[in-house]
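Below is protein_7.txt, which holds compact mmCIF, C-alpha atoms.
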# COMPACT_ATOMS: atom_id res chain seq x y z
CA MET A 232 0.00 0.00 0.00
CA ILE A 233 1.36 3.44 -0.87
CA SER A 234 0.05 6.79 0.31
CA PHE A 235 0.89 10.13 -1.24
CA GLU A 236 -0.49 13.57 -1.91
CA LEU A 237 -1.92 13.98 -5.42
CA ASN A 238 -2.92 17.51 -6.32
CA GLY A 239 -3.54 18.37 -2.69
CA ARG A 240 -5.61 15.25 -1.87
CA SER A 241 -4.21 12.26 -0.08
CA VAL A 242 -4.40 9.02 -2.02
CA SER A 243 -3.75 5.45 -0.87
CA LEU A 244 -3.64 2.44 -3.15
CA GLU A 245 -1.88 -0.82 -3.86
CA ALA A 246 0.99 -0.72 -6.34
CA ALA A 247 3.26 -3.53 -7.49
CA SER A 248 7.01 -2.93 -7.27
CA ASN A 249 7.29 -2.68 -11.06
CA ARG A 250 4.43 -0.16 -11.42
CA THR A 251 5.59 3.22 -12.70
CA LEU A 252 4.19 6.52 -11.49
CA LEU A 253 2.96 7.06 -15.07
CA ASP A 254 0.77 3.92 -14.96
CA LEU A 255 -0.32 4.67 -11.43
CA LEU A 256 -1.57 8.10 -12.51
CA ARG A 257 -3.00 7.28 -15.95
CA VAL A 258 -4.33 3.77 -15.50
CA ASP A 259 -5.08 3.42 -11.79
CA LEU A 260 -6.14 6.99 -11.02
CA GLY A 261 -7.37 8.20 -14.44
CA VAL A 262 -5.19 11.32 -14.57
CA THR A 263 -4.88 11.35 -18.36
CA SER A 264 -3.22 14.76 -18.72
CA VAL A 265 -0.04 12.78 -17.99
CA LYS A 266 0.78 11.45 -21.46
CA ARG A 267 2.46 8.17 -22.33
CA GLY A 268 5.13 9.11 -24.85
CA CYS A 269 8.50 7.41 -25.23
CA GLU A 270 8.59 5.62 -21.84
CA GLN A 271 12.36 6.15 -21.95
CA GLY A 272 12.65 9.41 -20.05
CA GLU A 273 13.39 11.30 -23.27
CA CYS A 274 10.22 13.09 -24.39
CA GLY A 275 8.83 14.75 -21.25
CA ALA A 276 5.16 14.15 -22.17
CA CYS A 277 4.65 12.41 -18.80
CA THR A 278 6.28 15.20 -16.75
CA VAL A 279 4.80 15.78 -13.29
CA LEU A 280 6.06 17.66 -10.25
CA LEU A 281 7.46 15.43 -7.50
CA ASP A 282 7.83 17.52 -4.34
CA GLY A 283 7.70 20.55 -6.64
CA ARG A 284 10.36 19.44 -9.12
CA PRO A 285 9.73 18.20 -12.67
CA VAL A 286 10.40 14.49 -13.24
CA ASN A 287 9.44 12.03 -15.97
CA SER A 288 6.76 9.86 -14.35
CA CYS A 289 7.63 6.95 -16.68
CA MET A 290 11.01 6.71 -14.92
CA VAL A 291 9.73 6.85 -11.35
CA LEU A 292 8.73 3.63 -9.58
CA ALA A 293 5.33 4.16 -7.97
CA GLU A 294 6.44 2.93 -4.55
CA ARG A 295 8.97 5.73 -4.42
CA VAL A 296 6.31 8.43 -4.20
CA ASN A 297 5.17 7.08 -0.84
CA TRP A 298 4.59 10.05 1.51
CA ARG A 299 5.60 12.49 -1.21
CA ARG A 300 3.75 15.18 -3.13
CA VAL A 301 2.77 14.65 -6.79
CA THR A 302 1.33 17.50 -8.85
CA THR A 303 -0.12 17.37 -12.39
CA ILE A 304 -1.65 20.25 -14.36
CA GLU A 305 -5.06 19.43 -12.81
CA GLY A 306 -3.62 20.40 -9.43
CA LEU A 307 -2.38 23.73 -10.76
CA GLU A 308 -5.63 24.82 -12.42
CA GLU A 309 -6.21 27.69 -10.02
CA GLU A 310 -2.55 28.66 -9.60
CA PRO A 311 -2.03 32.22 -10.88
CA ILE A 312 1.22 31.39 -12.71
CA MET A 313 -0.39 28.40 -14.43
CA THR A 314 -3.50 30.40 -15.34
CA VAL A 315 -1.40 33.01 -17.12
CA LEU A 316 0.83 30.37 -18.77
CA ARG A 317 -2.24 28.57 -20.09
CA GLU A 318 -3.70 31.78 -21.51
CA ALA A 319 -0.40 32.75 -23.11
CA PHE A 320 -0.07 29.26 -24.69
CA MET A 321 -3.56 29.60 -26.21
CA GLU A 322 -3.29 33.19 -27.34
CA ASP A 323 0.24 32.88 -28.74
CA GLY A 324 -0.47 29.70 -30.71
CA ALA A 325 1.90 27.56 -28.65
CA VAL A 326 -0.35 24.51 -29.01
CA GLN A 327 -0.58 22.45 -32.19
CA CYS A 328 -1.55 18.80 -31.62
CA GLY A 329 -1.44 19.37 -27.85
CA PHE A 330 0.24 16.10 -26.87
CA CYS A 331 3.32 17.77 -25.39
CA THR A 332 1.35 20.64 -23.84
CA PRO A 333 0.77 19.29 -20.30
CA GLY A 334 4.47 18.48 -19.95
CA MET A 335 5.50 21.80 -21.48
CA LEU A 336 3.22 23.64 -19.04
CA ILE A 337 4.60 21.74 -16.04
CA SER A 338 8.23 22.44 -17.01
CA SER A 339 7.45 26.11 -17.78
CA TYR A 340 5.55 26.47 -14.50
CA ALA A 341 8.50 25.06 -12.52
CA LEU A 342 10.78 27.55 -14.29
CA LEU A 343 8.60 30.60 -13.57
CA VAL A 344 8.20 29.61 -9.91
CA GLU A 345 12.01 29.60 -9.59
CA LYS A 346 12.76 32.42 -11.98
CA PRO A 347 9.96 34.93 -12.69
CA ARG A 348 11.76 36.69 -15.57
CA PRO A 349 13.84 34.10 -17.46
CA SER A 350 15.80 34.81 -20.64
CA GLY A 351 14.96 33.02 -23.87
CA GLU A 352 17.98 30.76 -23.31
CA GLU A 353 16.76 29.89 -19.81
CA VAL A 354 13.33 28.98 -21.20
CA LYS A 355 14.98 26.70 -23.76
CA ALA A 356 17.07 25.06 -21.03
CA ALA A 357 13.97 24.54 -18.87
CA ILE A 358 12.09 22.72 -21.65
CA GLU A 359 15.12 20.81 -23.00
CA GLY A 360 13.51 17.60 -21.73
CA ASN A 361 10.17 18.23 -23.45
CA VAL A 362 9.89 17.19 -27.07
CA CYS A 363 7.29 18.79 -29.37
CA ARG A 364 6.97 16.67 -32.50
CA CYS A 365 4.94 19.39 -34.23
CA THR A 366 8.21 21.32 -33.64
CA GLY A 367 6.38 24.42 -32.45
CA TYR A 368 9.24 25.42 -30.18
CA VAL A 369 9.48 29.05 -31.28
CA LYS A 370 5.91 29.81 -30.23
CA ILE A 371 6.25 27.82 -27.02
CA VAL A 372 9.32 29.81 -25.99
CA GLU A 373 7.52 33.05 -26.95
CA ALA A 374 4.48 32.06 -24.89
CA VAL A 375 6.55 31.35 -21.78
CA LEU A 376 8.34 34.70 -22.14
CA ASP A 377 4.97 36.38 -22.72
CA ALA A 378 3.52 34.78 -19.59
CA ALA A 379 6.55 35.88 -17.56
CA GLU A 380 6.05 39.44 -18.75
CA ARG A 381 2.34 39.38 -17.90
CA ILE A 382 3.06 38.07 -14.38
CA ALA A 383 6.01 40.34 -13.59
CA PRO A 384 5.90 43.34 -15.96
CA GLU A 385 9.08 44.95 -14.59
CA MET B 296 7.79 -0.09 -25.13
CA ARG B 297 8.11 -3.25 -23.08
CA SER B 298 6.74 -3.07 -19.57
CA LEU B 299 9.01 -3.58 -16.60
CA PRO B 300 9.73 -7.16 -15.57
CA GLU B 301 8.74 -8.27 -12.10
CA PHE B 302 11.05 -7.43 -9.25
CA ARG B 303 10.81 -6.50 -5.62
CA LEU B 304 11.80 -3.00 -4.49
CA HIS B 305 13.43 -2.72 -1.08
CA ARG B 306 13.70 0.69 0.54
CA PRO B 307 16.14 0.58 3.46
CA GLU B 308 16.64 3.77 5.46
CA ALA B 309 20.01 2.81 6.92
CA LEU B 310 23.21 2.04 5.03
CA SER B 311 23.70 -1.07 7.16
CA GLY B 312 20.28 -2.33 6.02
CA ALA B 313 21.15 -1.80 2.36
CA LEU B 314 24.51 -3.59 2.72
CA GLU B 315 22.81 -6.44 4.55
CA LEU B 316 20.31 -6.88 1.70
CA LEU B 317 23.02 -6.64 -1.00
CA ASP B 318 24.93 -9.36 0.81
CA ALA B 319 21.97 -11.66 1.46
CA LEU B 320 19.90 -11.48 -1.73
CA ALA B 321 20.78 -13.14 -5.03
CA ASP B 322 19.98 -11.37 -8.31
CA CYS B 323 20.09 -8.00 -6.67
CA ARG B 324 20.95 -4.46 -7.88
CA PRO B 325 21.15 -1.12 -6.14
CA ILE B 326 18.90 1.55 -7.69
CA ALA B 327 19.33 5.28 -7.18
CA GLY B 328 17.50 7.64 -9.57
CA GLY B 329 16.70 4.76 -11.93
CA THR B 330 16.84 6.96 -15.05
CA ASP B 331 19.29 4.53 -16.66
CA LEU B 332 18.52 1.33 -14.79
CA LEU B 333 14.78 1.25 -15.61
CA LEU B 334 15.68 1.46 -19.32
CA PHE B 335 18.05 -1.51 -19.01
CA LEU B 336 15.48 -3.51 -17.03
CA ARG B 337 12.85 -2.76 -19.68
CA ASP B 338 14.99 -3.81 -22.62
CA GLY B 339 16.37 -6.83 -20.76
CA THR B 340 20.07 -5.88 -20.81
CA ILE B 341 19.98 -6.03 -17.00
CA ARG B 342 17.98 -8.58 -15.03
CA ALA B 343 17.30 -8.33 -11.33
CA ARG B 344 14.78 -9.84 -8.95
CA HIS B 345 15.53 -7.42 -6.16
CA LEU B 346 16.23 -3.70 -6.36
CA ILE B 347 17.67 -1.90 -3.34
CA ASP B 348 16.62 1.76 -3.38
CA VAL B 349 19.49 3.76 -1.86
CA THR B 350 17.89 7.22 -2.15
CA GLY B 351 16.36 7.02 1.34
CA ILE B 352 19.76 6.58 3.02
CA GLU B 353 20.61 9.85 4.72
CA GLU B 354 24.41 9.45 4.72
CA MET B 355 24.39 8.85 0.96
CA ARG B 356 22.89 12.29 0.29
CA GLY B 357 24.14 15.84 0.48
CA ILE B 358 27.23 17.91 -0.28
CA SER B 359 29.71 19.10 2.32
CA LEU B 360 33.27 20.36 2.76
CA GLU B 361 35.18 18.14 5.18
CA GLY B 362 38.89 18.32 5.94
CA GLY B 363 39.93 19.86 2.61
CA GLU B 364 37.65 17.59 0.57
CA ILE B 365 34.25 18.02 -1.00
CA ARG B 366 32.11 15.03 -0.07
CA ILE B 367 29.14 14.33 -2.31
CA GLY B 368 26.80 11.54 -1.22
CA ALA B 369 26.46 9.08 -4.10
CA ALA B 370 22.64 9.31 -4.05
CA THR B 371 22.62 13.10 -4.32
CA PRO B 372 20.46 14.16 -7.28
CA LEU B 373 22.36 15.66 -10.22
CA SER B 374 20.28 18.86 -9.99
CA GLU B 375 21.50 19.37 -6.43
CA VAL B 376 25.14 18.99 -7.55
CA ALA B 377 24.52 21.33 -10.52
CA SER B 378 23.06 24.06 -8.30
CA SER B 379 25.51 23.67 -5.40
CA GLU B 380 27.39 26.92 -4.71
CA LEU B 381 30.09 24.96 -2.91
CA VAL B 382 30.74 22.79 -5.97
CA ALA B 383 30.59 25.79 -8.34
CA GLU B 384 33.13 27.72 -6.29
CA ILE B 385 35.65 24.96 -5.65
CA VAL B 386 35.32 22.63 -8.66
CA PRO B 387 33.41 24.53 -11.39
CA ALA B 388 34.43 21.94 -13.99
CA LEU B 389 32.13 19.46 -12.23
CA THR B 390 29.25 21.97 -12.24
CA GLU B 391 29.76 22.44 -16.00
CA ALA B 392 29.62 18.70 -16.58
CA VAL B 393 26.68 17.83 -14.34
CA PHE B 394 24.59 20.66 -15.74
CA GLN B 395 24.88 19.02 -19.17
CA ILE B 396 23.70 15.55 -18.14
CA GLY B 397 20.26 14.70 -19.51
CA SER B 398 17.39 17.14 -19.05
CA VAL B 399 15.90 18.98 -16.07
CA GLN B 400 13.66 15.98 -15.39
CA THR B 401 16.58 13.53 -15.57
CA ARG B 402 18.78 15.64 -13.31
CA ASN B 403 16.03 15.92 -10.69
CA GLN B 404 15.78 12.14 -10.55
CA GLY B 405 19.22 10.81 -11.53
CA THR B 406 22.14 10.85 -9.11
CA ILE B 407 25.87 11.51 -9.41
CA GLY B 408 26.68 8.05 -8.03
CA GLY B 409 24.40 6.47 -10.60
CA ASN B 410 26.01 8.45 -13.40
CA ILE B 411 29.42 6.92 -12.66
CA CYS B 412 28.38 3.46 -11.41
CA ASN B 413 26.48 2.76 -14.64
CA ALA B 414 29.92 3.17 -16.24
CA SER B 415 28.72 4.59 -19.52
CA PRO B 416 31.80 5.51 -21.60
CA ALA B 417 30.03 8.82 -22.27
CA ALA B 418 29.12 9.70 -18.64
CA ASP B 419 29.64 13.45 -18.41
CA SER B 420 30.63 13.50 -14.75
CA ALA B 421 33.47 11.00 -15.35
CA PRO B 422 36.12 13.20 -17.07
CA PRO B 423 35.99 16.00 -14.46
CA LEU B 424 36.03 13.48 -11.58
CA LEU B 425 39.05 11.78 -13.20
CA VAL B 426 41.06 15.00 -13.56
CA LEU B 427 40.04 16.25 -10.10
CA ASP B 428 41.50 13.05 -8.59
CA ALA B 429 38.19 12.07 -7.03
CA ARG B 430 38.06 9.02 -4.79
CA LEU B 431 35.08 6.84 -4.02
CA ASP B 432 33.99 5.45 -0.67
CA VAL B 433 32.94 1.86 -1.30
CA SER B 434 31.10 -0.13 1.36
CA SER B 435 29.96 -3.69 1.78
CA LYS B 436 28.81 -5.73 4.74
CA ALA B 437 32.43 -6.93 5.10
CA GLY B 438 33.82 -3.39 5.42
CA GLY B 439 34.84 -0.30 3.48
CA ARG B 440 37.54 0.78 1.07
CA THR B 441 38.42 3.89 -0.90
CA ILE B 442 39.32 3.70 -4.59
CA PRO B 443 40.37 6.26 -7.21
CA VAL B 444 37.39 6.93 -9.49
CA GLY B 445 39.32 5.53 -12.48
CA GLU B 446 39.30 2.08 -10.90
CA LEU B 447 35.51 1.99 -11.06
CA PHE B 448 35.35 1.82 -14.85
CA ALA B 449 35.86 -1.76 -16.05
CA GLY B 450 34.26 -1.63 -19.50
CA PRO B 451 31.27 -0.25 -21.39
CA LYS B 452 28.42 -0.16 -18.83
CA LEU B 453 30.49 -2.35 -16.54
CA ASN B 454 31.85 -1.28 -13.17
CA SER B 455 34.47 -3.07 -11.10
CA LEU B 456 32.43 -3.39 -7.89
CA GLU B 457 31.54 -6.68 -6.25
CA GLU B 458 27.81 -7.40 -6.25
CA SER B 459 27.68 -6.80 -2.51
CA GLU B 460 29.40 -3.40 -2.77
CA LEU B 461 27.95 0.09 -2.93
CA VAL B 462 29.57 3.45 -3.73
CA THR B 463 28.39 5.64 -0.85
CA ALA B 464 30.22 8.91 -1.50
CA ILE B 465 32.52 10.78 -3.87
CA ARG B 466 35.42 12.72 -2.35
CA ILE B 467 37.16 15.46 -4.27
CA PRO B 468 40.29 17.09 -2.81
CA GLU B 469 40.09 20.88 -2.77
CA PRO B 470 42.39 21.99 -5.62
CA PRO B 471 45.38 24.15 -4.60
CA GLU B 472 45.91 27.84 -5.43
CA GLY B 473 47.16 28.34 -8.96
CA SER B 474 45.22 25.43 -10.37
CA GLY B 475 42.27 25.30 -12.76
CA ALA B 476 40.02 22.76 -14.44
CA SER B 477 37.42 22.82 -17.16
CA PHE B 478 35.00 20.51 -18.94
CA LEU B 479 33.61 20.53 -22.47
CA LYS B 480 31.06 18.37 -24.19
CA LEU B 481 30.27 17.89 -27.85
CA GLY B 482 26.78 16.56 -28.48
CA ARG B 483 24.56 16.46 -31.53
CA ARG B 484 22.56 19.25 -29.95
CA ARG B 485 22.97 21.22 -26.76
CA GLY B 486 20.30 19.84 -24.47
CA SER B 487 19.40 16.35 -23.36
CA THR B 488 21.85 14.34 -25.42
CA LEU B 489 24.68 11.85 -24.96
CA SER B 490 28.18 13.12 -25.63
CA VAL B 491 29.86 12.37 -28.97
CA VAL B 492 33.09 13.28 -27.15
CA ASN B 493 33.65 14.93 -23.78
CA ALA B 494 36.88 16.25 -22.28
CA ALA B 495 38.21 17.62 -19.01
CA ALA B 496 41.55 19.20 -18.20
CA TYR B 497 43.23 20.14 -14.92
CA VAL B 498 46.48 22.12 -14.61
CA GLU B 499 48.57 23.47 -11.76
CA LEU B 500 50.92 26.35 -12.44
CA ASP B 501 54.18 27.11 -10.68
CA GLY B 502 56.27 30.06 -11.84
CA GLY B 503 54.65 30.09 -15.27
CA ARG B 504 55.15 26.37 -15.86
CA CYS B 505 52.66 23.51 -15.59
CA SER B 506 53.68 21.69 -12.43
CA ALA B 507 50.88 19.16 -12.82
CA ALA B 508 48.46 18.26 -15.59
CA ARG B 509 45.63 15.73 -15.70
CA LEU B 510 43.58 15.20 -18.84
CA ALA B 511 40.61 12.93 -19.42
CA LEU B 512 38.33 12.03 -22.33
CA GLY B 513 35.02 10.24 -22.60
CA ALA B 514 32.99 8.48 -25.32
CA ILE B 515 36.18 7.61 -27.22
CA ALA B 516 37.06 4.23 -25.66
CA ALA B 517 35.46 1.42 -23.70
CA THR B 518 35.65 3.55 -20.56
CA PRO B 519 36.33 7.18 -19.74
CA ILE B 520 40.14 7.49 -19.74
CA ARG B 521 43.05 9.59 -18.50
CA VAL B 522 45.42 10.50 -21.35
CA ALA B 523 48.81 10.13 -19.69
CA PRO B 524 50.99 10.63 -22.81
CA ALA B 525 49.33 13.99 -23.46
CA GLU B 526 49.68 14.98 -19.79
CA GLY B 527 53.43 14.27 -20.02
CA LEU B 528 53.77 16.83 -22.82
CA LEU B 529 52.48 19.61 -20.53
CA VAL B 530 54.32 18.91 -17.29
CA TRP B 531 57.18 21.31 -16.51
CA LYS B 532 56.58 23.17 -19.76
CA LYS B 533 55.48 26.73 -20.26
CA PRO B 534 51.94 26.38 -21.62
CA THR B 535 52.60 28.09 -24.93
CA LYS B 536 50.25 27.71 -27.86
CA ALA B 537 52.54 25.09 -29.41
CA VAL B 538 52.79 23.09 -26.17
CA VAL B 539 49.02 23.08 -25.69
CA GLU B 540 48.51 22.13 -29.34
CA GLY B 541 51.05 19.30 -28.99
CA ALA B 542 49.36 17.84 -25.92
CA ALA B 543 45.92 18.10 -27.52
CA SER B 544 47.10 16.47 -30.75
CA ALA B 545 48.65 13.61 -28.79
CA CYS B 546 45.11 12.66 -27.70
CA ARG B 547 44.44 11.42 -31.24
CA GLU B 548 46.81 8.50 -30.65
CA CYS B 549 45.43 7.69 -27.19
CA VAL B 550 41.81 7.06 -28.12
CA SER B 551 40.07 4.02 -29.60
CA PRO B 552 36.66 5.33 -30.64
CA VAL B 553 33.86 3.40 -32.35
CA ASP B 554 31.43 4.33 -35.11
CA ASP B 555 27.91 4.68 -33.83
CA ILE B 556 24.67 6.56 -34.33
CA ARG B 557 26.12 9.70 -32.74
CA GLY B 558 29.37 9.96 -34.67
CA SER B 559 32.05 8.16 -36.63
CA ALA B 560 35.32 6.96 -35.13
CA VAL B 561 37.29 9.28 -37.43
CA TYR B 562 35.26 12.28 -36.31
CA ARG B 563 35.56 11.33 -32.65
CA ARG B 564 39.36 11.00 -32.95
CA ASP B 565 39.61 14.48 -34.49
CA MET B 566 37.23 15.99 -31.99
CA SER B 567 39.20 14.49 -29.08
CA ALA B 568 42.07 16.80 -30.00
CA VAL B 569 39.84 19.82 -30.62
CA LEU B 570 37.92 19.48 -27.38
CA MET B 571 41.07 18.79 -25.39
CA ARG B 572 42.79 21.90 -26.75
CA ARG B 573 39.81 24.01 -25.66
CA ALA B 574 39.59 22.24 -22.28
CA ILE B 575 43.30 22.85 -21.57
CA LYS B 576 42.90 26.52 -22.51
CA GLY B 577 39.87 26.77 -20.22
CA ALA B 578 41.80 25.17 -17.37
CA LEU B 579 44.76 27.52 -17.92
CA ARG B 580 42.43 30.54 -17.81
CA ARG B 581 40.99 29.35 -14.50
CA ALA B 582 44.52 28.80 -13.18
CA GLY B 583 45.28 32.44 -13.94
CA VAL B 584 46.96 32.42 -17.36
CA ALA B 585 45.66 35.34 -19.42
Kindly return the structure encoded in the file as structure tokens.
Amino acid sequence: MISFELNGRSVSLEAASNRTLLDLLRVDLGVTSVKRGCEQGECGACTVLLDGRPVNSCMVLAERVNWRRVTTIEGLEEEPIMTVLREAFMEDGAVQCGFCTPGMLISSYALLVEKPRPSGEEVKAAIEGNVCRCTGYVKIVEAVLDAAERIAPE
Amino acid sequence: MRSLPEFRLHRPEALSGALELLDALADCRPIAGGTDLLLFLRDGTIRARHLIDVTGIEEMRGISLEGGEIRIGAATPLSEVASSELVAEIVPALTEAVFQIGSVQTRNQGTIGGNICNASPAADSAPPLLVLDARLDVSSKAGGRTIPVGELFAGPKLNSLEESELVTAIRIPEPPEGSGASFLKLGRRRGSTLSVVNAAAYVELDGGRCSAARLALGAIAATPIRVAPAEGLLVWKKPTKAVVEGAASACRECVSPVDDIRGSAVYRRDMSAVLMRRAIKGALRRAGVA
């Protein structure tokens, strides 16, 4: 039995040793914003926050989140930084097929929490582990910079 | 993608508990971040029935300065090493290397001990640890020993540890005044990629001459290597352009690269010299040469 905090609620369930956090979230708990991409820790589509830091949930064994805090975009819906990021992504055309978007938003959110006014290079470094196969990187970087400007104008 | 095979995950909180399990259980592997190991378990290159999670062991985590040495717990996440002010101030070449391993997500999960114990020939933390003369604390139920980091690398993805042994910490001596080190990586892109070649250089200067030089390369042989013949061309010389060029060029003859998806052997051999020349220059700048 493992117990952890998922998006502010405490959750307890059985998980086999070889269950990944990705399967725990998507299959057992129905949190489908967490996408199954490469399952090799390369694409970032399954990115979640573990104790506030971005990790690839496909590379985390479920048992290891016991007593820890897991956050997906559902848990950040009301967060001011995420609200602005989401609006900027929509208005700036940073979404094409949308598959990478939850992971991109999580990585961008973690960046803006740490660094409210990042440079373009810092945005690129923050999303280096998130692959967009529509290759819409230019607009994604622009949207993150736009969101940063909206949140902290000076 | 294949799903993970069945295994049992053990999560000891004390080092003694982990060493006990490693000693008692057959078909057993330590797991730290798991960012490499889970891949190998999935594709079947590594089999294990028991995994011993070492990330809950307090004494295997954290970075401190103790008696003229930086001690980094082997299960310290790479992101913590990359953002450590202590590491950046005393051994910036290691900061440069660790910051270029994987992506943000991988660095938050993966550990410095895992990066070296997996013994990838391309491990980015290996060349700086080699030139900084890092030593490893190795423990087993039977006792402890300390080995130079170079002794860990036995072959591609093969370390020299006994199955019952665990690397618990990395110790790096504080470099003396008048020394400098640097690290460079060549990848197919900047972020989140394995090195085609990586290089680190360390020099000590005394009265305008190199009193010590240590050079290391990765992704160009079965293991990360020190390049002793090239080091010999720097020691007790004034580091003129020609001397630096000579040492860097000597690297060509010291490497045995392979052709693979990331680069050809010919290219890797050439780039060994190019990267080493830049790494030596970077180290000299840090040591105070204009």
Which residues are close to segment 486-500 of chain B, i.e. within 6 Å by only C-alpha atoms, leaving aside same-chain residues fewer than 5 positions away? Reply as a ChimeraX atom specification. /A:359 /B:397-398,417,422-423,426,473-481,505-514,557,571,574-575,578
Determine which residues of chain B sit within 12 Å of chain A, taking into account all atoms listed in the file, and present them as a PDB file with C-alpha atoms, keeping the file's coordinate frame.
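Output saved as iface_35.pdb:
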ATOM      1  CA  MET B 296       7.790  -0.090 -25.130  1.00  0.00           C
ATOM      2  CA  ARG B 297       8.110  -3.250 -23.080  1.00  0.00           C
ATOM      3  CA  SER B 298       6.740  -3.070 -19.570  1.00  0.00           C
ATOM      4  CA  LEU B 299       9.010  -3.580 -16.600  1.00  0.00           C
ATOM      5  CA  PRO B 300       9.730  -7.160 -15.570  1.00  0.00           C
ATOM      6  CA  GLU B 301       8.740  -8.270 -12.100  1.00  0.00           C
ATOM      7  CA  PHE B 302      11.050  -7.430  -9.250  1.00  0.00           C
ATOM      8  CA  ARG B 303      10.810  -6.500  -5.620  1.00  0.00           C
ATOM      9  CA  LEU B 304      11.800  -3.000  -4.490  1.00  0.00           C
ATOM     10  CA  HIS B 305      13.430  -2.720  -1.080  1.00  0.00           C
ATOM     11  CA  ARG B 306      13.700   0.690   0.540  1.00  0.00           C
ATOM     12  CA  PRO B 307      16.140   0.580   3.460  1.00  0.00           C
ATOM     13  CA  ILE B 326      18.900   1.550  -7.690  1.00  0.00           C
ATOM     14  CA  ALA B 327      19.330   5.280  -7.180  1.00  0.00           C
ATOM     15  CA  GLY B 328      17.500   7.640  -9.570  1.00  0.00           C
ATOM     16  CA  GLY B 329      16.700   4.760 -11.930  1.00  0.00           C
ATOM     17  CA  THR B 330      16.840   6.960 -15.050  1.00  0.00           C
ATOM     18  CA  ASP B 331      19.290   4.530 -16.660  1.00  0.00           C
ATOM     19  CA  LEU B 332      18.520   1.330 -14.790  1.00  0.00           C
ATOM     20  CA  LEU B 333      14.780   1.250 -15.610  1.00  0.00           C
ATOM     21  CA  LEU B 334      15.680   1.460 -19.320  1.00  0.00           C
ATOM     22  CA  PHE B 335      18.050  -1.510 -19.010  1.00  0.00           C
ATOM     23  CA  LEU B 336      15.480  -3.510 -17.030  1.00  0.00           C
ATOM     24  CA  ARG B 337      12.850  -2.760 -19.680  1.00  0.00           C
ATOM     25  CA  ASP B 338      14.990  -3.810 -22.620  1.00  0.00           C
ATOM     26  CA  ALA B 343      17.300  -8.330 -11.330  1.00  0.00           C
ATOM     27  CA  ARG B 344      14.780  -9.840  -8.950  1.00  0.00           C
ATOM     28  CA  HIS B 345      15.530  -7.420  -6.160  1.00  0.00           C
ATOM     29  CA  LEU B 346      16.230  -3.700  -6.360  1.00  0.00           C
ATOM     30  CA  ILE B 347      17.670  -1.900  -3.340  1.00  0.00           C
ATOM     31  CA  ASP B 348      16.620   1.760  -3.380  1.00  0.00           C
ATOM     32  CA  VAL B 349      19.490   3.760  -1.860  1.00  0.00           C
ATOM     33  CA  THR B 350      17.890   7.220  -2.150  1.00  0.00           C
ATOM     34  CA  GLY B 351      16.360   7.020   1.340  1.00  0.00           C
ATOM     35  CA  PRO B 372      20.460  14.160  -7.280  1.00  0.00           C
ATOM     36  CA  SER B 374      20.280  18.860  -9.990  1.00  0.00           C
ATOM     37  CA  GLU B 375      21.500  19.370  -6.430  1.00  0.00           C
ATOM     38  CA  PHE B 394      24.590  20.660 -15.740  1.00  0.00           C
ATOM     39  CA  GLN B 395      24.880  19.020 -19.170  1.00  0.00           C
ATOM     40  CA  ILE B 396      23.700  15.550 -18.140  1.00  0.00           C
ATOM     41  CA  GLY B 397      20.260  14.700 -19.510  1.00  0.00           C
ATOM     42  CA  SER B 398      17.390  17.140 -19.050  1.00  0.00           C
ATOM     43  CA  VAL B 399      15.900  18.980 -16.070  1.00  0.00           C
ATOM     44  CA  GLN B 400      13.660  15.980 -15.390  1.00  0.00           C
ATOM     45  CA  THR B 401      16.580  13.530 -15.570  1.00  0.00           C
ATOM     46  CA  ARG B 402      18.780  15.640 -13.310  1.00  0.00           C
ATOM     47  CA  ASN B 403      16.030  15.920 -10.690  1.00  0.00           C
ATOM     48  CA  GLN B 404      15.780  12.140 -10.550  1.00  0.00           C
ATOM     49  CA  GLY B 405      19.220  10.810 -11.530  1.00  0.00           C
ATOM     50  CA  ARG B 484      22.560  19.250 -29.950  1.00  0.00           C
ATOM     51  CA  ARG B 485      22.970  21.220 -26.760  1.00  0.00           C
ATOM     52  CA  GLY B 486      20.300  19.840 -24.470  1.00  0.00           C
ATOM     53  CA  SER B 487      19.400  16.350 -23.360  1.00  0.00           C
ATOM     54  CA  THR B 488      21.850  14.340 -25.420  1.00  0.00           C
ATOM     55  CA  LEU B 489      24.680  11.850 -24.960  1.00  0.00           C
TER      56      LEU B 489
END
Return as lines of an AutoDock Vina configuration file the box centre and box size in Å, one decimal, for an axis-aligned box around all listed atoms of segment 326-340 of chain B padded by 3 Å per side.
center_x = 16.5
center_y = 0.4
center_z = -14.9
size_x = 13.2
size_y = 20.5
size_z = 21.4
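The space between atom CA of Leu376 of chain A and atom CA of Pro311 of chain A spans 15.5 Å.
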Do you know which residues are at most 7 Å from Ala543 of chain B counting only C-alpha atoms, after dropping those on the same chain fewer than 3 positions away, and could you put them as number ranges by chain? B: 525, 539-540, 546, 568, 571-572
Using C-alpha atoms, can you write the selected residues to a file as a tab-separated table (two decimals), keeping the file's coordinate frame?
chain	number	residue	atom	x	y	z
B	525	ALA	CA	49.33	13.99	-23.46
B	539	VAL	CA	49.02	23.08	-25.69
B	540	GLU	CA	48.51	22.13	-29.34
B	546	CYS	CA	45.11	12.66	-27.70
B	568	ALA	CA	42.07	16.80	-30.00
B	571	MET	CA	41.07	18.79	-25.39
B	572	ARG	CA	42.79	21.90	-26.75
Might you pull out every residue within 9 Å of segment 407-416 of chain B, with only C-alpha atoms counted and same-chain residues fewer than 4 positions away left off, and present them as JSON, numbers by chain? {"B": [326, 327, 328, 329, 330, 331, 332, 367, 368, 369, 370, 371, 372, 373, 376, 393, 396, 420, 421, 444, 447, 448, 449, 450, 451, 452, 453, 454, 455, 456, 462, 463, 464, 465, 513, 514, 515, 516, 517, 518, 519, 520]}
